[in-house]
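Below is one structure, written out as structure tokens; the observations come after it.
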Amino acid sequence: MARVDALSEFLTTVRNANLVYHDSAVVPYSEMNSALALILKKQGYVAGVSEVVRDNRKYLKVDLKYTKNRGRYITGLKRISIPGRRIYVKKDAVPRVLMGAGMAVISTPQGLMTDMQARKEGLGGEVICFVW
């Protein structure tokens, strides 16, 4: 059985928890997961992010966010670059998600950032995922 990488597990867990209206999702801790969770919090897609220790292992607890009538803030999460097929873009070709209504997360030499930040800084890199 193939091992799923930590980032795909993060995205899948958050997507599934969001679909069934869970209050939070708990995922294994990694630097990449932590950086992505903080971007989602900063952009207003999730309510909060905290570190949890269980059985001497670190986890991230991502508190999901919904509107008053249980509308979702995250309507879609899509992994773009996968271990078997990396997708890189130059600074001039950074993608726009839903004509700016969503965001792309780009891994640049300065770390993870949104597509708007990458365009502003004039950086390209690996396209990690789309969020809308």
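Residues in the structure tokens are numbered from 1 in each chain, the chains being A, B, ... in the order shown, and ligands are numbered from 1 in the order shown.
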Subject >> Residues within 8 Å of Cys129 of chain A, only C-alpha atoms, excluding chain neighbours under 2 positions, as an MDAnalysis selection string >> reply: chainID A and resid 77:81 104:106 127 131
ask   = Contacts of Lys120 of chain A at 12 Å or less, counting only C-alpha atoms, minus same-chain residues fewer than 6 places along, as number ranges by chain?
value = A: 91-92, 94, 113-114
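Distance check against His22 of chain A using only C-alpha atoms: of A:Leu40, A:Glu51, A:Ser107, A:Tyr66, the minimum falls on A:Tyr66.
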Item to complete: Write out as an NGL selection string all residues of chain A that backbone DSSP assigns to helix (DSSP H, G or I).
Response: :A and (6-19 or 31-42 or 91-93 or 98-100 or 115-121)
